[in-house]
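Asker: After the structure tokens below, expect a handful of questions from me.
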Amino acid sequence: MRQLLHALLRLSTYTNDPDQQSAGTALAQLQLALSRGVRYLDGGWQTLVDGLRHAAQHAGVHLETSRKVTTIEHQTTTHSVALDDGTCLQTQGVIMTGSPHEAVALVRGHAQTLMQQWATAAVRCARR
């Protein structure tokens, strides 16, 4: 029964973090899903990823997919992004798609404190 409930909550909330999730919010979302159904992205989440990639490339963005980011440091007008092969890139913007905890772990310098505050607030809001 526990596994069934976890599966239903994961499907209806699009989230898999039962230890952090607000029980009240998750149950309310489950009630909505059971009464109205859920909507899925046609073609799956990869459709969203592919669309974002296409839009970014069309806008002139260069995407690096074969190397891992090790650190990000905010500077005055740019960001310094260090990659696992030792390369360091300068950029005007960074889009981070990991968890708040993962984002904090990557950021260095004075921005790390702000990122930690944001991450704490984001998790607190998600629990409501």
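Naming works like this for the structure tokens: A, B, ... for the chains as they're shown, residue 1 at the start of each chain, ligands 1 onward in shown order.
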Quick one: everything within 10 Å of Gly109 in chain A, counting only C-alpha atoms, minus sequence neighbours fewer than 3 positions away in the same chain. Send it as a list in words.
Answerer: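 Contacts, in chain order: Ile72, Glu73, His74, Gln75, Gln112, Thr113 and Leu114 of chain A.
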Asker: When you look at Leu8 in chain A with a cut-off of 12 Å (counting only C-alpha atoms), what residues show up, excluding the ones that are within fewer than 5 positions of it in the same chain? I need them as a PyMOL selection string.
Answerer: chain A and resi 1-3+13-16+18+26-27+29-34+37-38
Asker: As a ChimeraX atom specification, please: the residues near Asp17 in chain A (cut-off 10 Å, only C-alpha atoms, same-chain neighbours under 6 positions excluded).
Answerer: /A:6,9-10
Asker: Within 8 Å of Val69 in chain A, counting only C-alpha atoms, which residues show up once you throw out same-chain ones fewer than 2 positions away? Write them as a short mmCIF file (atom, residue, chain, number, x, y, z; two decimals) with all heavy atoms, in the first residue's frame, please.
Answerer:
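part-v5.cif was written with the following content:
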data_model
loop_
_atom_site.label_atom_id
_atom_site.label_comp_id
_atom_site.auth_asym_id
_atom_site.auth_seq_id
_atom_site.Cartn_x
_atom_site.Cartn_y
_atom_site.Cartn_z
N ARG A 67 30.58 18.03 -21.25
CA ARG A 67 31.45 18.29 -20.11
C ARG A 67 30.61 18.70 -18.90
O ARG A 67 29.55 19.29 -19.05
CB ARG A 67 32.46 19.38 -20.45
CG ARG A 67 33.41 18.93 -21.57
CD ARG A 67 34.44 19.95 -21.87
NE ARG A 67 33.83 21.02 -22.67
CZ ARG A 67 34.49 22.09 -23.08
NH1 ARG A 67 35.74 22.26 -22.75
NH2 ARG A 67 33.90 23.00 -23.81
N THR A 71 32.25 24.36 -11.07
CA THR A 71 31.97 25.55 -10.25
C THR A 71 31.45 26.68 -11.13
O THR A 71 31.73 26.75 -12.33
CB THR A 71 33.21 26.08 -9.51
OG1 THR A 71 34.21 26.45 -10.45
CG2 THR A 71 33.76 25.07 -8.52
N ILE A 72 30.68 27.56 -10.49
CA ILE A 72 30.19 28.78 -11.15
C ILE A 72 30.47 29.93 -10.19
O ILE A 72 30.09 29.87 -9.02
CB ILE A 72 28.68 28.70 -11.43
CG1 ILE A 72 28.37 27.52 -12.33
CG2 ILE A 72 28.17 30.02 -12.02
CD1 ILE A 72 26.90 27.22 -12.46
N VAL A 81 32.46 29.97 -15.48
CA VAL A 81 31.99 28.60 -15.36
C VAL A 81 33.16 27.67 -15.61
O VAL A 81 33.72 27.64 -16.70
CB VAL A 81 30.85 28.31 -16.37
CG1 VAL A 81 30.38 26.87 -16.26
CG2 VAL A 81 29.70 29.29 -16.19
N ALA A 82 33.54 26.92 -14.57
CA ALA A 82 34.66 25.97 -14.69
C ALA A 82 34.12 24.60 -15.03
O ALA A 82 33.15 24.13 -14.43
CB ALA A 82 35.44 25.92 -13.38
N LEU A 83 34.76 23.94 -16.01
CA LEU A 83 34.34 22.62 -16.45
C LEU A 83 35.34 21.57 -15.96
O LEU A 83 36.47 21.89 -15.59
CB LEU A 83 34.26 22.59 -17.97
CG LEU A 83 33.33 23.64 -18.60
CD1 LEU A 83 33.37 23.56 -20.12
CD2 LEU A 83 31.90 23.47 -18.10
N ASP A 84 34.90 20.32 -15.96
CA ASP A 84 35.72 19.24 -15.40
C ASP A 84 37.00 18.96 -16.17
O ASP A 84 37.90 18.29 -15.67
CB ASP A 84 34.91 17.97 -15.22
CG ASP A 84 34.38 17.40 -16.53
OD1 ASP A 84 34.51 18.05 -17.58
OD2 ASP A 84 33.81 16.30 -16.49
N LEU A 106 27.49 24.18 -6.54
CA LEU A 106 28.27 24.64 -7.70
C LEU A 106 28.75 26.08 -7.57
O LEU A 106 29.78 26.45 -8.10
CB LEU A 106 27.45 24.52 -8.98
CG LEU A 106 27.23 23.12 -9.52
CD1 LEU A 106 26.29 23.16 -10.72
CD2 LEU A 106 28.55 22.48 -9.91
#
Asker: With only C-alpha atoms as the atoms that count, which of A:Gln57, A:Gln92, A:Gln20, A:Thr65 lies nearest to Ser80 in chain A?
Answerer: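 Closest residue, counting only C-alpha atoms: A:Gln92.
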Asker: Write out as a ChimeraX atom specification all residues of chain A that backbone DSSP assigns to alpha helix (DSSP H).
Answerer: /A:2-13,23-36,45-58,100-106,111-127
Asker: Closest to Ser12 in chain A among A:Thr47, A:Thr25, A:Thr91, A:Ser99, using only C-alpha atoms?
Answerer: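 Smallest distance to Ser12 in chain A is found for A:Thr25.
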Asker: Would you work out the distance separating CA of Ala103 in chain A from CA of Met115 in chain A, expressed in Å to one decimal?
Answerer: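 Separation of CA of Ala103 in chain A and CA of Met115 in chain A: 7.4 Å.
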Asker: Check the smallest atom-to-atom distance from each of A:Ala111, A:Leu89, A:Ala28, A:Val104 to His62 in chain A using only C-alpha atoms, then report the winner.
Answerer: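 Of A:Ala111, A:Leu89, A:Ala28, A:Val104, the one nearest His62 in chain A, counting only C-alpha atoms, is A:Leu89.
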